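What follows is my_file-v5.pdb (PDB, C-alpha atoms, pLDDT in the B column).
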ATOM      1  CA  MET A  67      32.959  22.233  -5.604  1.00 46.00           C
ATOM      2  CA  PRO A  68      33.700  20.458  -2.302  1.00 44.00           C
ATOM      3  CA  PRO A  69      31.237  21.186   0.503  1.00 46.00           C
ATOM      4  CA  ALA A  70      33.988  22.613   2.743  1.00 44.00           C
ATOM      5  CA  ALA A  71      34.726  25.318   0.152  1.00 46.00           C
ATOM      6  CA  LEU A  72      31.169  26.662   0.131  1.00 50.00           C
ATOM      7  CA  GLN A  73      30.508  29.962   1.860  1.00 56.00           C
ATOM      8  CA  LEU A  74      26.783  29.690   2.494  1.00 55.00           C
ATOM      9  CA  SER A  75      24.573  32.671   3.093  1.00 60.00           C
ATOM     10  CA  PRO A  76      22.328  32.561   6.173  1.00 57.00           C
ATOM     11  CA  ASP A  77      19.521  33.708   3.858  1.00 67.00           C
ATOM     12  CA  LEU A  78      19.515  30.388   2.002  1.00 70.00           C
ATOM     13  CA  HIS A  79      16.609  28.023   2.481  1.00 74.00           C
ATOM     14  CA  PRO A  80      17.549  25.043   4.724  1.00 82.00           C
ATOM     15  CA  GLU A  81      16.882  22.619   1.864  1.00 82.00           C
ATOM     16  CA  SER A  82      19.265  24.560  -0.393  1.00 82.00           C
ATOM     17  CA  VAL A  83      21.914  24.450   2.342  1.00 84.00           C
ATOM     18  CA  ARG A  84      21.422  20.692   2.637  1.00 86.00           C
ATOM     19  CA  LEU A  85      21.719  20.222  -1.135  1.00 87.00           C
ATOM     20  CA  LEU A  86      24.774  22.467  -1.420  1.00 88.00           C
ATOM     21  CA  ALA A  87      26.530  20.534   1.344  1.00 87.00           C
ATOM     22  CA  ILE A  88      26.886  17.436  -0.838  1.00 89.00           C
ATOM     23  CA  ASP A  89      29.049  17.009  -3.929  1.00 89.00           C
ATOM     24  CA  CYS A  90      26.332  15.135  -5.799  1.00 92.00           C
ATOM     25  CA  TRP A  91      22.626  14.696  -5.211  1.00 93.00           C
ATOM     26  CA  THR A  92      23.211  10.969  -4.696  1.00 93.00           C
ATOM     27  CA  GLY A  93      25.074  11.827  -1.475  1.00 92.00           C
ATOM     28  CA  ASP A  94      21.828  12.907   0.160  1.00 93.00           C
ATOM     29  CA  PRO A  95      20.836  10.269   2.770  1.00 93.00           C
ATOM     30  CA  ALA A  96      17.233  10.641   1.611  1.00 94.00           C
ATOM     31  CA  VAL A  97      18.189   9.119  -1.745  1.00 95.00           C
ATOM     32  CA  ALA A  98      19.288   5.808  -0.236  1.00 94.00           C
ATOM     33  CA  ALA A  99      16.187   5.684   1.975  1.00 95.00           C
ATOM     34  CA  LEU A 100      13.850   6.352  -0.953  1.00 96.00           C
ATOM     35  CA  ILE A 101      15.522   3.785  -3.199  1.00 95.00           C
ATOM     36  CA  ASP A 102      15.488   1.185  -0.421  1.00 95.00           C
ATOM     37  CA  ALA A 103      11.781   1.856   0.142  1.00 96.00           C
ATOM     38  CA  ALA A 104      10.943   1.501  -3.549  1.00 95.00           C
ATOM     39  CA  ARG A 105      13.017  -1.665  -3.872  1.00 95.00           C
ATOM     40  CA  ALA A 106      11.255  -3.136  -0.835  1.00 96.00           C
ATOM     41  CA  LEU A 107       7.802  -2.273  -2.196  1.00 96.00           C
ATOM     42  CA  ILE A 108       8.308  -3.925  -5.587  1.00 95.00           C
ATOM     43  CA  PRO A 109       8.261  -7.551  -4.333  1.00 95.00           C
ATOM     44  CA  ILE A 110       5.339  -6.757  -2.015  1.00 95.00           C
ATOM     45  CA  ALA A 111       3.300  -5.455  -4.942  1.00 94.00           C
ATOM     46  CA  GLU A 112       4.263  -8.499  -7.021  1.00 94.00           C
ATOM     47  CA  ARG A 113       3.139 -10.863  -4.245  1.00 94.00           C
ATOM     48  CA  LEU A 114      -0.147  -9.007  -3.930  1.00 93.00           C
ATOM     49  CA  ARG A 115      -0.712  -9.136  -7.697  1.00 92.00           C
ATOM     50  CA  ASP A 116      -0.059 -12.858  -7.621  1.00 93.00           C
ATOM     51  CA  LEU A 117      -2.462 -13.239  -4.707  1.00 93.00           C
ATOM     52  CA  CYS A 118      -5.135 -11.304  -6.599  1.00 89.00           C
ATOM     53  CA  THR A 119      -4.685 -13.592  -9.591  1.00 89.00           C
ATOM     54  CA  ARG A 120      -5.148 -16.693  -7.451  1.00 91.00           C
ATOM     55  CA  ARG A 121      -7.878 -15.135  -5.276  1.00 90.00           C
ATOM     56  CA  PRO A 122     -10.074 -12.835  -7.378  1.00 86.00           C
ATOM     57  CA  SER A 123     -11.974 -11.792  -4.260  1.00 85.00           C
ATOM     58  CA  VAL A 124      -8.858  -9.944  -3.050  1.00 82.00           C
ATOM     59  CA  ASP A 125      -8.942  -6.460  -4.520  1.00 84.00           C
ATOM     60  CA  ARG A 126      -6.129  -5.859  -7.009  1.00 83.00           C
ATOM     61  CA  LEU A 127      -6.356  -2.145  -6.252  1.00 89.00           C
ATOM     62  CA  ILE A 128      -4.056  -2.708  -3.261  1.00 88.00           C
ATOM     63  CA  ALA A 129      -1.225  -3.875  -5.525  1.00 90.00           C
ATOM     64  CA  ASP A 130      -1.982  -1.144  -8.040  1.00 91.00           C
ATOM     65  CA  GLU A 131      -1.754   1.513  -5.320  1.00 93.00           C
ATOM     66  CA  ILE A 132       1.738   0.266  -4.435  1.00 94.00           C
ATOM     67  CA  GLY A 133       2.563   0.312  -8.127  1.00 94.00           C
ATOM     68  CA  LEU A 134       5.353  -1.140 -10.162  1.00 91.00           C
ATOM     69  CA  LEU A 135       8.422  -0.258 -12.158  1.00 92.00           C
ATOM     70  CA  VAL A 136       8.715  -1.487 -15.729  1.00 90.00           C
ATOM     71  CA  TRP A 137      11.428  -0.810 -18.268  1.00 89.00           C
ATOM     72  CA  GLU A 138       9.913  -0.117 -21.680  1.00 89.00           C
ATOM     73  CA  THR A 139      11.950  -0.344 -24.844  1.00 89.00           C
ATOM     74  CA  ILE A 140      11.352   2.732 -26.978  1.00 85.00           C
ATOM     75  CA  GLU A 141      12.603   4.016 -30.307  1.00 85.00           C
ATOM     76  CA  THR A 142      15.059   6.895 -30.171  1.00 79.00           C
ATOM     77  CA  GLY A 143      14.260   8.192 -33.641  1.00 82.00           C
ATOM     78  CA  ARG A 144      17.451   6.772 -35.109  1.00 84.00           C
ATOM     79  CA  VAL A 145      17.345   3.668 -37.278  1.00 83.00           C
ATOM     80  CA  ASN A 146      17.633   0.478 -35.214  1.00 80.00           C
ATOM     81  CA  VAL A 147      18.478   2.378 -32.033  1.00 81.00           C
ATOM     82  CA  TRP A 148      16.377   1.593 -29.006  1.00 84.00           C
ATOM     83  CA  GLN A 149      16.675   2.496 -25.370  1.00 83.00           C
ATOM     84  CA  ARG A 150      15.032   1.342 -22.180  1.00 86.00           C
ATOM     85  CA  GLU A 151      12.991   3.904 -20.277  1.00 87.00           C
ATOM     86  CA  PRO A 152      11.614   3.357 -16.781  1.00 89.00           C
ATOM     87  CA  ARG A 153       7.892   3.745 -16.143  1.00 91.00           C
ATOM     88  CA  ALA A 154       6.808   3.757 -12.514  1.00 93.00           C
ATOM     89  CA  SER A 155       3.310   3.889 -11.082  1.00 93.00           C
ATOM     90  CA  GLY A 156       1.594   4.087  -7.705  1.00 95.00           C
ATOM     91  CA  VAL A 157       3.646   4.768  -4.588  1.00 96.00           C
ATOM     92  CA  ILE A 158       6.734   3.505  -6.396  1.00 96.00           C
ATOM     93  CA  GLY A 159       6.073   6.142  -9.054  1.00 96.00           C
ATOM     94  CA  ALA A 160       5.738   8.829  -6.373  1.00 97.00           C
ATOM     95  CA  ILE A 161       9.096   7.769  -4.916  1.00 97.00           C
ATOM     96  CA  TRP A 162      10.662   7.848  -8.394  1.00 96.00           C
ATOM     97  CA  THR A 163       9.257  11.339  -8.951  1.00 96.00           C
ATOM     98  CA  GLU A 164      10.665  12.503  -5.611  1.00 97.00           C
ATOM     99  CA  LEU A 165      14.096  11.139  -6.538  1.00 97.00           C
ATOM    100  CA  GLU A 166      13.996  12.999  -9.851  1.00 96.00           C
ATOM    101  CA  SER A 167      12.906  16.110  -7.971  1.00 96.00           C
ATOM    102  CA  LEU A 168      15.852  15.819  -5.563  1.00 95.00           C
ATOM    103  CA  ARG A 169      18.202  15.686  -8.535  1.00 96.00           C
ATOM    104  CA  THR A 170      16.547  18.708 -10.140  1.00 95.00           C
ATOM    105  CA  ARG A 171      16.639  20.682  -6.883  1.00 94.00           C
ATOM    106  CA  TRP A 172      20.329  19.840  -6.398  1.00 95.00           C
ATOM    107  CA  ILE A 173      21.095  21.171  -9.896  1.00 95.00           C
ATOM    108  CA  ALA A 174      18.960  24.293  -9.319  1.00 93.00           C
ATOM    109  CA  ALA A 175      20.661  24.989  -5.975  1.00 92.00           C
ATOM    110  CA  ARG A 176      24.094  24.691  -7.599  1.00 93.00           C
ATOM    111  CA  LEU A 177      23.135  27.024 -10.426  1.00 93.00           C
ATOM    112  CA  GLN A 178      21.717  29.621  -8.062  1.00 90.00           C
ATOM    113  CA  PHE A 179      24.692  29.415  -5.698  1.00 91.00           C
ATOM    114  CA  GLU A 180      27.130  29.818  -8.590  1.00 91.00           C
ATOM    115  CA  GLY A 181      25.233  32.933  -9.721  1.00 90.00           C
ATOM    116  CA  PHE A 182      23.591  31.522 -12.845  1.00 92.00           C
ATOM    117  CA  SER A 183      20.025  32.486 -13.678  1.00 88.00           C
ATOM    118  CA  PRO A 184      17.716  31.533 -16.553  1.00 85.00           C
ATOM    119  CA  ALA A 185      16.392  35.110 -16.363  1.00 85.00           C
ATOM    120  CA  ALA A 186      19.795  36.601 -17.213  1.00 85.00           C
ATOM    121  CA  HIS A 187      20.123  38.678 -20.365  1.00 87.00           C
ATOM    122  CA  ASP A 188      22.592  36.169 -21.825  1.00 88.00           C
ATOM    123  CA  ILE A 189      21.453  32.681 -20.866  1.00 89.00           C
ATOM    124  CA  GLY A 190      24.351  30.996 -22.665  1.00 91.00           C
ATOM    125  CA  PRO A 191      26.531  30.589 -19.557  1.00 93.00           C
ATOM    126  CA  TRP A 192      23.538  29.414 -17.511  1.00 93.00           C
ATOM    127  CA  TYR A 193      22.618  26.850 -20.151  1.00 94.00           C
ATOM    128  CA  ASP A 194      26.214  25.632 -20.490  1.00 94.00           C
ATOM    129  CA  ARG A 195      26.502  25.146 -16.725  1.00 95.00           C
ATOM    130  CA  LEU A 196      23.084  23.464 -16.626  1.00 95.00           C
ATOM    131  CA  GLN A 197      24.236  20.988 -19.274  1.00 96.00           C
ATOM    132  CA  ALA A 198      27.465  20.316 -17.378  1.00 96.00           C
ATOM    133  CA  LEU A 199      25.562  19.620 -14.149  1.00 96.00           C
ATOM    134  CA  GLU A 200      23.042  17.420 -16.006  1.00 95.00           C
ATOM    135  CA  GLU A 201      25.910  15.324 -17.351  1.00 95.00           C
ATOM    136  CA  GLU A 202      27.714  15.263 -14.000  1.00 93.00           C
ATOM    137  CA  ALA A 203      24.735  14.128 -11.924  1.00 94.00           C
ATOM    138  CA  PRO A 204      23.617  10.550 -12.562  1.00 95.00           C
ATOM    139  CA  THR A 205      19.958  10.203 -13.443  1.00 94.00           C
ATOM    140  CA  VAL A 206      17.570   8.221 -11.265  1.00 95.00           C
ATOM    141  CA  ALA A 207      17.548   5.451 -13.878  1.00 93.00           C
ATOM    142  CA  MET A 208      21.360   5.258 -13.832  1.00 93.00           C
ATOM    143  CA  LEU A 209      21.393   5.163 -10.052  1.00 92.00           C
ATOM    144  CA  TRP A 210      18.673   2.520  -9.963  1.00 92.00           C
ATOM    145  CA  ARG A 211      20.517   0.253 -12.391  1.00 87.00           C
ATOM    146  CA  SER A 212      23.796   0.351 -10.495  1.00 80.00           C
ATOM    147  CA  PRO A 213      23.888  -2.824  -8.411  1.00 63.00           C
ATOM    148  CA  ALA A 214      25.894  -1.385  -5.519  1.00 53.00           C
ATOM    149  CA  ARG A 215      24.011   1.926  -5.661  1.00 47.00           C
ATOM    150  CA  ALA A 216      27.322   3.606  -4.989  1.00 45.00           C
ATOM    151  CA  VAL A 217      27.060   7.127  -3.744  1.00 44.00           C
ATOM    152  CA  VAL A 218      28.876   9.416  -6.153  1.00 40.00           C
TER
END
Would you put the structure from the file into structure tokens?
Amino acid sequence: MPPAALQLSPDLHPESVRLLAIDCWTGDPAVAALIDAARALIPIAERLRDLCTRRPSVDRLIADEIGLLVWETIETGRVNVWQREPRASGVIGAIWTELESLRTRWIAARLQFEGFSPAAHDIGPWYDRLQALEEEAPTVAMLWRSPARAVV
């Protein structure tokens, strides 16, 4: 639903209004800022880890606090089918978690605005719409992997 078509209630929380004003959670300016911050921190943490290796007197905890992002290959449960899952730690992990939270809040705001509730007697329509929004909204991992980080 295009943002111009939304008739927002003045009772909505300002964050919900902000999330409803964009077609996709990736359109939120906070997303680009958070991804840029995480991408900038990764080489800093790597340099500090390297420094700690060469100079054991420098505390490695500094690099560990910044964290890292690794892509682990995991089994999917199907024969010979593997997928890569991101694992983030430290501040980078906190940024990743916030990005995932923004996506979840965008989906929740859409569901609420469209009148869907998980507490409804028949949750079928809510679940169907939830699945549609989950498929529509790129995950943080998908967004991270896209080289141009195009806003959808």
Correct to one decimal, the distance atom CA of A:Arg115-atom CA of A:Glu131 is 11.0 Å
Could you check how far atom CA of A:Glu200 sits from atom CA of A:Arg169, in Å to one decimal?
-> 9.1 Å
Apply the PyMOL selection byres ((chain A and resi 151-162) around 8) to the file shown and report the selected residues as a list in words.
->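 This file gives the following for the PyMOL selection byres ((chain A and resi 151-162) around 8): Leu100, Ile101, Ala104, Leu107, Ile108, Asp130, Glu131, Ile132, Gly133, Leu134, Leu135, Val136, Trp137, Glu138, Thr139, Ile140, Gln149, Arg150, Thr163, Glu164, Leu165, Glu166, Val206 and Ala207 of chain A.
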Would you output that residue set with C-alpha atoms, as an mmCIF file, in the frame of the given file?
data_model
loop_
_atom_site.group_PDB
_atom_site.id
_atom_site.type_symbol
_atom_site.label_atom_id
_atom_site.label_comp_id
_atom_site.auth_asym_id
_atom_site.auth_seq_id
_atom_site.Cartn_x
_atom_site.Cartn_y
_atom_site.Cartn_z
ATOM 1 C CA LEU A 100 13.850 6.352 -0.953
ATOM 2 C CA ILE A 101 15.522 3.785 -3.199
ATOM 3 C CA ALA A 104 10.943 1.501 -3.549
ATOM 4 C CA LEU A 107 7.802 -2.273 -2.196
ATOM 5 C CA ILE A 108 8.308 -3.925 -5.587
ATOM 6 C CA ASP A 130 -1.982 -1.144 -8.040
ATOM 7 C CA GLU A 131 -1.754 1.513 -5.320
ATOM 8 C CA ILE A 132 1.738 0.266 -4.435
ATOM 9 C CA GLY A 133 2.563 0.312 -8.127
ATOM 10 C CA LEU A 134 5.353 -1.140 -10.162
ATOM 11 C CA LEU A 135 8.422 -0.258 -12.158
ATOM 12 C CA VAL A 136 8.715 -1.487 -15.729
ATOM 13 C CA TRP A 137 11.428 -0.810 -18.268
ATOM 14 C CA GLU A 138 9.913 -0.117 -21.680
ATOM 15 C CA THR A 139 11.950 -0.344 -24.844
ATOM 16 C CA ILE A 140 11.352 2.732 -26.978
ATOM 17 C CA GLN A 149 16.675 2.496 -25.370
ATOM 18 C CA ARG A 150 15.032 1.342 -22.180
ATOM 19 C CA THR A 163 9.257 11.339 -8.951
ATOM 20 C CA GLU A 164 10.665 12.503 -5.611
ATOM 21 C CA LEU A 165 14.096 11.139 -6.538
ATOM 22 C CA GLU A 166 13.996 12.999 -9.851
ATOM 23 C CA VAL A 206 17.570 8.221 -11.265
ATOM 24 C CA ALA A 207 17.548 5.451 -13.878
#
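Minimum atom-to-atom distance to A:Arg195, evaluated using only C-alpha atoms, belongs to A:Ala174 out of A:Ala174, A:Leu117, A:Leu168, A:Ile128.
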Kindly indicate which residue among A:Arg121, A:Arg171, A:Asp102, A:Gly190 lies nearest to A:His79, using all atoms listed in the file for the distances.
->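 For A:His79, the nearest of the given residues is A:Arg171.
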Which of these residues is nearest to A:Leu177, using only C-alpha atoms: A:Val124, A:Ala106, A:Leu85, A:Leu114?
-> A:Leu85
Atom CA of A:Trp192 to atom CA of A:Asp89, straight-line distance in Å |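 Atom CA of A:Trp192 lies 19.2 Å from atom CA of A:Asp89.
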Give as a PyMOL selection string the set of residues within 10 Å of the point (26.0, 29.4, -16.0), where distances use the file's coordinates and all atoms listed in the file.
-> chain A and resi 176-178+180-184+186+188-199
For A:Val83, the closest of A:Ala103, A:Ala111, A:Ala175, A:Met208 counting only C-alpha atoms is A:Ala175
Counting only C-alpha atoms, the option among A:Leu209, A:His187, A:Ala129, A:Glu202 closest to A:Ile110 =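 Among A:Leu209, A:His187, A:Ala129, A:Glu202, it is A:Ala129 that comes nearest to A:Ile110.
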Identify which of the residues A:Ser123, A:Ser167, A:Glu112, A:Asn146 lies closest to A:Ala96, counting all atoms listed in the file when measuring atom-to-atom distances.
-> A:Ser167
